[in-house]
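Here's the structure, in structure tokens; my notes come after.
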Amino acid sequence: MFYQKELRWAEEAEALKPELHHEPISPVAVVEAEEDPAAWQGWKVRRVAAPEEVFGRELPRSWEYTFDFGRYCVGFPVFHFEFSGLFDAPFRLEVKLAEVPCELGRDFTTYRGDLGRGWLQEALVVEDAAPAAIRLPRRYAFRYLKLKVVVNSTYKVVLRSVQCDTVSAADWSRVLPLGEAYDQLDRSIRRIGLTTLAACMQECFEDGPKRDRRLWLGDLRLQALANYHSFRNFSLVKRCLLMFAASANEEGEIPGCVYPGSPRPLAGNYTFDYSILFGDILLDYVNASGDEAGGRELFPVARRQSEMALREVENDCFHYRGGYWLFVDWQEKLDRECAGHGIVLYSLMRTLALARRLGLESEVADYPDRIERMRRAGYAKWFDRARGCFTSGADRQISWASQIWAAFAEMLPKAEMQELLRRLPAGKEAVPPGGPFLYNQMVLVQERYGLHQEAHALTRAFWGRMVELGADTFWEVFDPADPMRSPYGDPIINSYCHAWSTPVFSFR
Ligand code: RAM
């Protein structure tokens with residue numbers, strides 16, 4: 001449908017590829033991973049030496065050191081060596097990199113997850129001539145880096161230094177400091193949140209720099225908003241929107257994620273609830289950047305996604321027939337239909353608001369009426385008056401997801417919705433979020449309804465717990481009651497620096 005334009009959009013996206021900022025980072029300690037049942041996920045690290053005690057010394061034939069960089073790094077590890085003696089056999093170096101202690105401690109051969117083991121970060125370098133420096137060609141995301149040599153030859157080796165050439169598209173000089181009123185915990189949450197966001201800002205917004213290193217639309221929505229509050233890199237958002245537009249299929253549907261690449265970004269998974277929020281992200285972008293021409297250029301893509309969403313609506317209600325991915329959250333128990341209705345409705349509302357913002361209202365002339373009808377029908381079908389909240393499915397399940405998306409879609413008068421949102425966290429009956437993605441939606445919707453205190457308190461309770469547990473960046477998956485939780489069958493494949501876990505929306 002957009003084929004004529006897609007190549008141009010791909011070219012425009014390519015032209016917006018950012019120059020990355022480089023910063024060399026050195027380790028602060030030599031550590032060892034240790035099993036400890038009292039530690040989060042059963043592992044901790046213990047400091048055993050200063051890096052200077054290892055650098056510059058002649059090393060034994062076999063050796064192994066784990067360097068702790070003291071902070072999260074995304075970039076290219078570089079090692080400097082000095083060799084003496086006859087180089088009579090290749091130099092073989094094993095490298096392992098980890099975001100968290102549990103990943104560092106676990107033997108990767110015991111990995112039992114569903115996603116490809118290739119995401120677990122390791123490298124084997126074999127050099128036929130004595131190297132003065134080795135720079136790993138792949139980009140890694142880590143705090144801990146382990147080097148191992150098993151039975152070297154007769155020559156002697158000195159390790160001169162270990163460093164990481166870190167890269168990011170984020171410019172920290174654009175971030176404004178937090179006001180006086182915020183305490184230490186707030187400052188930590190915001191700093192770690194922005195570190196997470198900056199680590200995910202590469203040649204596009206990535207969901208996680210360890211995994212999947214891809215541009216996901218649902219993650220982009222939160223990243224772009226967090227970015228407007230901080231690094232204010234508008235062209236990176238525009239580049240990402242163009243990448244999605246350039247990978248639309250014949251029907252004009254955009255995927256839930258793209259694999260960056262030329263000449264056109266490659267479409268990844270189709271994720272219904274992600275695709276239909278394209279117009280929402282575009283509207284936020286136009287409002288934040290003032291780029292109305294860019295908004296007009298991509299408006300047809302937004303409108304097309306809303307049209308696709310409407311194909312799933314029957315008698316003014318969203319009907320989940322299956323056969324496609326309706327994500328909403330990682331919560332397995334969740335009945336997604338009511339939340340799906342809220343997302344479709346919200347998508348229409350935002351596409352309409354975008355059209356109004358751009359003076360294109362006539363192109364969506366039927367939307368106000370459709371929105372009103374869907375609001376009424378949705379209320380009649382899913383609102384349970386006796387219990388005072390939205391339910392979903394045959395068992396009339398109450399969940400955070402249903403209330404949150406009903407709130408985004410303004411399915412109740414404002415005061416009633418405020419009251420419902422206030423009640424929700426305390427209610428034991430409601431199916432809670434399956435992780436940070438939905439907690440962040442809750443914070444956003446609370447702010448939207450003027451519930452700032454509540455949003456701030458939720459941010460402190462949920463992300464504050466990760467701070468206490470020693471997070472350097474915020475995690476893709478976090479259930480305080482279940483440290484080993486993973487949607488992929490093994491927590492070492494989880495991403496521990498994840499875009500959708502940037503809790504900056506309740507700081508002003
Ligand atoms: C995972 C990634 C990504 C998310 C999708 C739904 O593969 O964590 O961030 O958006 O799931």
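Within each chain, counting starts at residue 1; across the structure tokens, chains are named A, B, ... in the order shown, with ligands numbered 1 upward in that order.
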Notebook entry, point to check: If you run DSSP on this backbone, which residues of range 102-143 of chain A come out as strand (DSSP E), and could you give them as a list of chain:residue names?
Noted result: A:Glu122, A:Ala123, A:Leu124, A:Val125, A:Val126, A:Glu127, A:Ala133, A:Ile134, A:Arg135, A:Tyr140, A:Ala141, A:Phe142, A:Arg143
Using N, CA and C atoms, can you export the residues from the last selection as an mmCIF file, in the first residue's frame?
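Contents of out24.cif, freshly written:
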```cif
data_model
loop_
_atom_site.group_PDB
_atom_site.id
_atom_site.type_symbol
_atom_site.label_atom_id
_atom_site.label_comp_id
_atom_site.auth_asym_id
_atom_site.auth_seq_id
_atom_site.Cartn_x
_atom_site.Cartn_y
_atom_site.Cartn_z
ATOM 1 N N GLU A 122 29.212 -14.170 25.133
ATOM 2 C CA GLU A 122 30.523 -14.789 25.284
ATOM 3 C C GLU A 122 31.266 -14.646 23.964
ATOM 4 N N ALA A 123 32.582 -14.837 24.005
ATOM 5 C CA ALA A 123 33.375 -14.759 22.781
ATOM 6 C C ALA A 123 34.611 -15.615 22.953
ATOM 7 N N LEU A 124 35.090 -16.123 21.843
ATOM 8 C CA LEU A 124 36.344 -16.869 21.847
ATOM 9 C C LEU A 124 37.254 -16.201 20.825
ATOM 10 N N VAL A 125 38.420 -15.766 21.298
ATOM 11 C CA VAL A 125 39.346 -15.093 20.387
ATOM 12 C C VAL A 125 40.577 -15.971 20.264
ATOM 13 N N VAL A 126 40.981 -16.253 19.029
ATOM 14 C CA VAL A 126 42.212 -17.020 18.808
ATOM 15 C C VAL A 126 43.090 -16.201 17.864
ATOM 16 N N GLU A 127 44.289 -15.869 18.329
ATOM 17 C CA GLU A 127 45.183 -15.004 17.545
ATOM 18 C C GLU A 127 46.430 -15.785 17.142
ATOM 19 N N ALA A 133 46.769 -5.476 20.921
ATOM 20 C CA ALA A 133 45.432 -5.121 21.411
ATOM 21 C C ALA A 133 44.400 -6.012 20.746
ATOM 22 N N ILE A 134 43.371 -6.335 21.509
ATOM 23 C CA ILE A 134 42.228 -7.059 20.938
ATOM 24 C C ILE A 134 40.997 -6.213 21.220
ATOM 25 N N ARG A 135 40.263 -5.925 20.170
ATOM 26 C CA ARG A 135 38.995 -5.199 20.329
ATOM 27 C C ARG A 135 37.904 -6.147 19.846
ATOM 28 N N TYR A 140 28.703 -5.303 23.148
ATOM 29 C CA TYR A 140 28.174 -6.049 24.301
ATOM 30 C C TYR A 140 27.540 -5.089 25.306
ATOM 31 N N ALA A 141 26.735 -5.676 26.213
ATOM 32 C CA ALA A 141 26.069 -4.896 27.262
ATOM 33 C C ALA A 141 26.314 -5.621 28.575
ATOM 34 N N PHE A 142 27.004 -4.985 29.506
ATOM 35 C CA PHE A 142 27.465 -5.730 30.686
ATOM 36 C C PHE A 142 27.946 -4.807 31.801
ATOM 37 N N ARG A 143 28.050 -5.402 32.977
ATOM 38 C CA ARG A 143 28.812 -4.766 34.057
ATOM 39 C C ARG A 143 30.051 -5.616 34.371
#
```
At most 8 Å is the cut-off: for each residue in chain A with any atom that close to an atom of ligand 1, write down the nearest atom pair and the distance in Å rounded to one decimal, counting only C-alpha atoms and all ligand atoms, chain first then increasing number, as a Markdown table.
```
| residue | atom | partner | partner_atom_place_in_ligand_line | distance |
| --- | --- | --- | --- | --- |
| A:Asp207 | CA | ligand 1 | 9 (O) | 4.7 |
| A:Gly208 | CA | ligand 1 | 9 (O) | 6.9 |
| A:Arg211 | CA | ligand 1 | 8 (O) | 7.6 |
| A:Asp212 | CA | ligand 1 | 2 (C) | 6.4 |
| A:Trp216 | CA | ligand 1 | 10 (O) | 5.3 |
| A:Leu217 | CA | ligand 1 | 10 (O) | 7.1 |
| A:Gly218 | CA | ligand 1 | 10 (O) | 5.5 |
| A:Asp219 | CA | ligand 1 | 10 (O) | 5.4 |
| A:Gly256 | CA | ligand 1 | 10 (O) | 7.8 |
| A:Cys257 | CA | ligand 1 | 10 (O) | 7.8 |
| A:Thr271 | CA | ligand 1 | 6 (C) | 7.6 |
| A:Phe327 | CA | ligand 1 | 6 (C) | 6.3 |
| A:Asp329 | CA | ligand 1 | 6 (C) | 7.7 |
| A:Trp330 | CA | ligand 1 | 6 (C) | 7.9 |
| A:Glu476 | CA | ligand 1 | 8 (O) | 6.4 |
| A:Ser495 | CA | ligand 1 | 8 (O) | 7.3 |
| A:His498 | CA | ligand 1 | 9 (O) | 7.0 |
| A:Ala499 | CA | ligand 1 | 9 (O) | 7.1 |
| A:Trp500 | CA | ligand 1 | 9 (O) | 6.8 |
```
Would you mind exporting N, CA, C and O atoms of the selected residues as a PDB file, in the first residue's frame?
```pdb
ATOM      1  N   ASP A 207      15.124  -2.269  22.462  1.00  0.00           N
ATOM      2  CA  ASP A 207      14.395  -2.673  23.675  1.00  0.00           C
ATOM      3  C   ASP A 207      15.373  -2.988  24.795  1.00  0.00           C
ATOM      4  O   ASP A 207      15.172  -2.619  25.947  1.00  0.00           O
ATOM      5  N   GLY A 208      16.451  -3.669  24.442  1.00  0.00           N
ATOM      6  CA  GLY A 208      17.501  -3.956  25.421  1.00  0.00           C
ATOM      7  C   GLY A 208      18.810  -4.129  24.681  1.00  0.00           C
ATOM      8  O   GLY A 208      18.824  -4.770  23.629  1.00  0.00           O
ATOM      9  N   ARG A 211      19.539  -7.959  24.733  1.00  0.00           N
ATOM     10  CA  ARG A 211      18.489  -8.699  24.019  1.00  0.00           C
ATOM     11  C   ARG A 211      17.229  -7.856  24.015  1.00  0.00           C
ATOM     12  O   ARG A 211      16.899  -7.319  25.054  1.00  0.00           O
ATOM     13  N   ASP A 212      16.520  -7.692  22.925  1.00  0.00           N
ATOM     14  CA  ASP A 212      16.652  -8.223  21.579  1.00  0.00           C
ATOM     15  C   ASP A 212      17.454  -7.302  20.664  1.00  0.00           C
ATOM     16  O   ASP A 212      17.544  -7.618  19.478  1.00  0.00           O
ATOM     17  N   TRP A 216      11.248  -2.101  19.064  1.00  0.00           N
ATOM     18  CA  TRP A 216       9.875  -2.577  19.283  1.00  0.00           C
ATOM     19  C   TRP A 216       8.975  -1.358  19.469  1.00  0.00           C
ATOM     20  O   TRP A 216       9.327  -0.431  20.216  1.00  0.00           O
ATOM     21  N   LEU A 217       7.803  -1.405  18.851  1.00  0.00           N
ATOM     22  CA  LEU A 217       6.937  -0.226  18.884  1.00  0.00           C
ATOM     23  C   LEU A 217       6.414   0.073  20.294  1.00  0.00           C
ATOM     24  O   LEU A 217       6.341   1.234  20.701  1.00  0.00           O
ATOM     25  N   GLY A 218       6.060  -0.964  21.047  1.00  0.00           N
ATOM     26  CA  GLY A 218       5.539  -0.748  22.401  1.00  0.00           C
ATOM     27  C   GLY A 218       6.603  -0.167  23.309  1.00  0.00           C
ATOM     28  O   GLY A 218       6.326   0.675  24.175  1.00  0.00           O
ATOM     29  N   ASP A 219       7.825  -0.612  23.120  1.00  0.00           N
ATOM     30  CA  ASP A 219       8.938  -0.058  23.898  1.00  0.00           C
ATOM     31  C   ASP A 219       9.222   1.373  23.450  1.00  0.00           C
ATOM     32  O   ASP A 219       9.454   2.261  24.270  1.00  0.00           O
ATOM     33  N   GLY A 256       5.205  -5.144  14.848  1.00  0.00           N
ATOM     34  CA  GLY A 256       5.446  -4.750  16.236  1.00  0.00           C
ATOM     35  C   GLY A 256       6.907  -4.456  16.487  1.00  0.00           C
ATOM     36  O   GLY A 256       7.264  -3.744  17.427  1.00  0.00           O
ATOM     37  N   CYS A 257       7.772  -5.025  15.655  1.00  0.00           N
ATOM     38  CA  CYS A 257       9.195  -4.706  15.793  1.00  0.00           C
ATOM     39  C   CYS A 257       9.870  -4.759  14.445  1.00  0.00           C
ATOM     40  O   CYS A 257       9.360  -5.376  13.514  1.00  0.00           O
ATOM     41  N   THR A 271       2.455  -7.437  16.195  1.00  0.00           N
ATOM     42  CA  THR A 271       1.948  -7.347  17.565  1.00  0.00           C
ATOM     43  C   THR A 271       0.811  -6.339  17.518  1.00  0.00           C
ATOM     44  O   THR A 271       1.042  -5.126  17.471  1.00  0.00           O
ATOM     45  N   PHE A 327      -0.507  -8.601  22.856  1.00  0.00           N
ATOM     46  CA  PHE A 327       0.461  -8.761  23.944  1.00  0.00           C
ATOM     47  C   PHE A 327      -0.060  -8.209  25.285  1.00  0.00           C
ATOM     48  O   PHE A 327      -0.191  -8.949  26.257  1.00  0.00           O
ATOM     49  N   ASP A 329       0.696  -7.475  28.097  1.00  0.00           N
ATOM     50  CA  ASP A 329       1.567  -7.629  29.266  1.00  0.00           C
ATOM     51  C   ASP A 329       2.032  -9.082  29.296  1.00  0.00           C
ATOM     52  O   ASP A 329       1.420  -9.935  28.665  1.00  0.00           O
ATOM     53  N   TRP A 330       3.074  -9.372  30.088  1.00  0.00           N
ATOM     54  CA  TRP A 330       3.549 -10.751  30.213  1.00  0.00           C
ATOM     55  C   TRP A 330       2.735 -11.580  31.215  1.00  0.00           C
ATOM     56  O   TRP A 330       3.062 -12.728  31.474  1.00  0.00           O
ATOM     57  N   GLU A 476      13.833  -5.886  32.570  1.00  0.00           N
ATOM     58  CA  GLU A 476      12.686  -6.222  31.720  1.00  0.00           C
ATOM     59  C   GLU A 476      11.599  -6.934  32.517  1.00  0.00           C
ATOM     60  O   GLU A 476      10.405  -6.695  32.322  1.00  0.00           O
ATOM     61  N   SER A 495      16.421  -9.586  29.945  1.00  0.00           N
ATOM     62  CA  SER A 495      17.201  -8.375  29.706  1.00  0.00           C
ATOM     63  C   SER A 495      17.204  -7.554  31.003  1.00  0.00           C
ATOM     64  O   SER A 495      16.142  -7.293  31.562  1.00  0.00           O
ATOM     65  N   HIS A 498      16.284  -2.624  30.287  1.00  0.00           N
ATOM     66  CA  HIS A 498      15.207  -2.727  29.315  1.00  0.00           C
ATOM     67  C   HIS A 498      14.409  -1.438  29.201  1.00  0.00           C
ATOM     68  O   HIS A 498      13.918  -0.887  30.181  1.00  0.00           O
ATOM     69  N   ALA A 499      14.272  -1.020  27.948  1.00  0.00           N
ATOM     70  CA  ALA A 499      13.642   0.259  27.630  1.00  0.00           C
ATOM     71  C   ALA A 499      12.323   0.497  28.337  1.00  0.00           C
ATOM     72  O   ALA A 499      12.059   1.606  28.789  1.00  0.00           O
ATOM     73  N   TRP A 500      11.492  -0.536  28.424  1.00  0.00           N
ATOM     74  CA  TRP A 500      10.155  -0.292  28.970  1.00  0.00           C
ATOM     75  C   TRP A 500      10.187  -0.164  30.487  1.00  0.00           C
ATOM     76  O   TRP A 500       9.175   0.026  31.111  1.00  0.00           O
TER      77      TRP A 500
END
```
Notebook entry, point to check: range 167-373 of chain A: which residues are helix (DSSP H, G or I) by DSSP, as JSON, numbers by chain?
Noted result: {"A": [172, 173, 174, 184, 185, 186, 187, 188, 189, 190, 191, 192, 193, 194, 195, 196, 197, 198, 199, 200, 217, 218, 219, 220, 221, 222, 223, 224, 225, 226, 227, 228, 234, 235, 236, 237, 238, 239, 240, 241, 242, 243, 244, 245, 246, 272, 273, 274, 275, 278, 279, 280, 281, 282, 283, 284, 285, 286, 287, 288, 289, 292, 293, 294, 295, 296, 297, 298, 299, 300, 301, 302, 303, 304, 305, 306, 307, 308, 309, 310, 337, 338, 339, 340, 341, 342, 343, 344, 345, 346, 347, 348, 349, 350, 351, 352, 353, 354, 355, 356, 357, 361, 362, 363, 364, 367, 368, 369, 370, 371, 372, 373]}
Next item on the list: Pick out the residues sitting within 12 Å of Pro60 in chain A, and hand them over as JSON, numbers by chain; count only C-alpha atoms, and ignore anything fewer than 5 positions along from it in its own chain.
Entry: {"A": [54, 65, 148, 149, 150, 151, 152, 153, 154, 155, 156, 157, 158, 159]}
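When only C-alpha atoms are used to compute distances to Ser399 in chain A, the closest of the residues A:Ala39, A:Ala461, A:Leu185, A:Cys338 turns out to be A:Cys338.
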Check: Within 12 Å of Gly378 in chain A, counting only C-alpha atoms, which residues qualify if same-chain residues fewer than 6 places away don't, as a ChimeraX atom specification?
Finding: /A:313-319,337-345,370-372,384,390-392,402,405-407,409-412
Check: Skipping near chain neighbours, those fewer than 5 positions away, what residues fall within 10 Å of Glu12 in chain A using only C-alpha atoms, listed as a PyMOL selection string?
Finding: chain A and resi 6-7+17+238-239+242-243+246
Those same residues, written as a tab-separated table (two decimals), in the first residue's frame with C-alpha atoms?
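Result went into out_26.tsv, see below:
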```
chain	number	residue	atom	x	y	z
A	6	GLU	CA	8.65	3.03	1.68
A	7	LEU	CA	12.01	3.30	-0.05
A	17	LYS	CA	21.25	7.64	11.77
A	238	LYS	CA	11.63	10.36	13.90
A	239	ARG	CA	14.13	7.87	12.51
A	242	LEU	CA	10.23	6.19	9.61
A	243	MET	CA	11.74	2.74	10.08
A	246	ALA	CA	9.24	1.79	5.76
```
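Among the candidates A:Arg350, A:Arg460, A:Arg357, A:Lys146, the one nearest to Arg187 in chain A when counting only C-alpha atoms is A:Arg460.
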Notebook entry, point to check: Within 7 Å of range 437-444 of chain A, counting only C-alpha atoms, which residues qualify if same-chain residues fewer than 2 places away don't, as a PyMOL selection string?
Noted result: chain A and resi 329+404+433+435+446-448+455+500-501+503+505
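Between CA of Phe408 in chain A and CA of Ala198 in chain A there is a distance of 27.3 Å.
Proximity to Ala98 in chain A at 7 Å, evaluated using only C-alpha atoms and with sequence-adjacent residues fewer than 5 positions away removed, yields Glu103, Leu104, Gln121, Phe142, Arg143, Tyr144 and Leu145 of chain A.
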Check: Nearest to Asp482 in chain A among A:Arg303, A:Ile25, A:Trp40, A:Gln453, with distances taken over only C-alpha atoms: which residue is it?
Finding: A:Trp40
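The nearest approach to Cys240 in chain A among the residues A:Asp280, A:Glu203, A:Glu53, A:Asp395, with only C-alpha atoms taken into account, belongs to A:Glu203.
Taking CA of Arg46 in chain A as the reference point, CA of Leu136 in chain A is found at 26.1 Å.
Each of A:Val328, A:Leu115, A:Ala288, A:Leu348 was compared to Tyr274 in chain A using only C-alpha atoms, and A:Val328 turns out to be the nearest.
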Next item on the list: For each of A:Met349, A:Ala245, A:Leu458, A:Ala130, take the minimum atom-to-atom distance to Tyr3 in chain A, counting only C-alpha atoms, then give the residue where this is smallest.
Entry: A:Ala245
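Relative to CA of Glu250 in chain A, CA of Pro263 in chain A is found at 17.3 Å.
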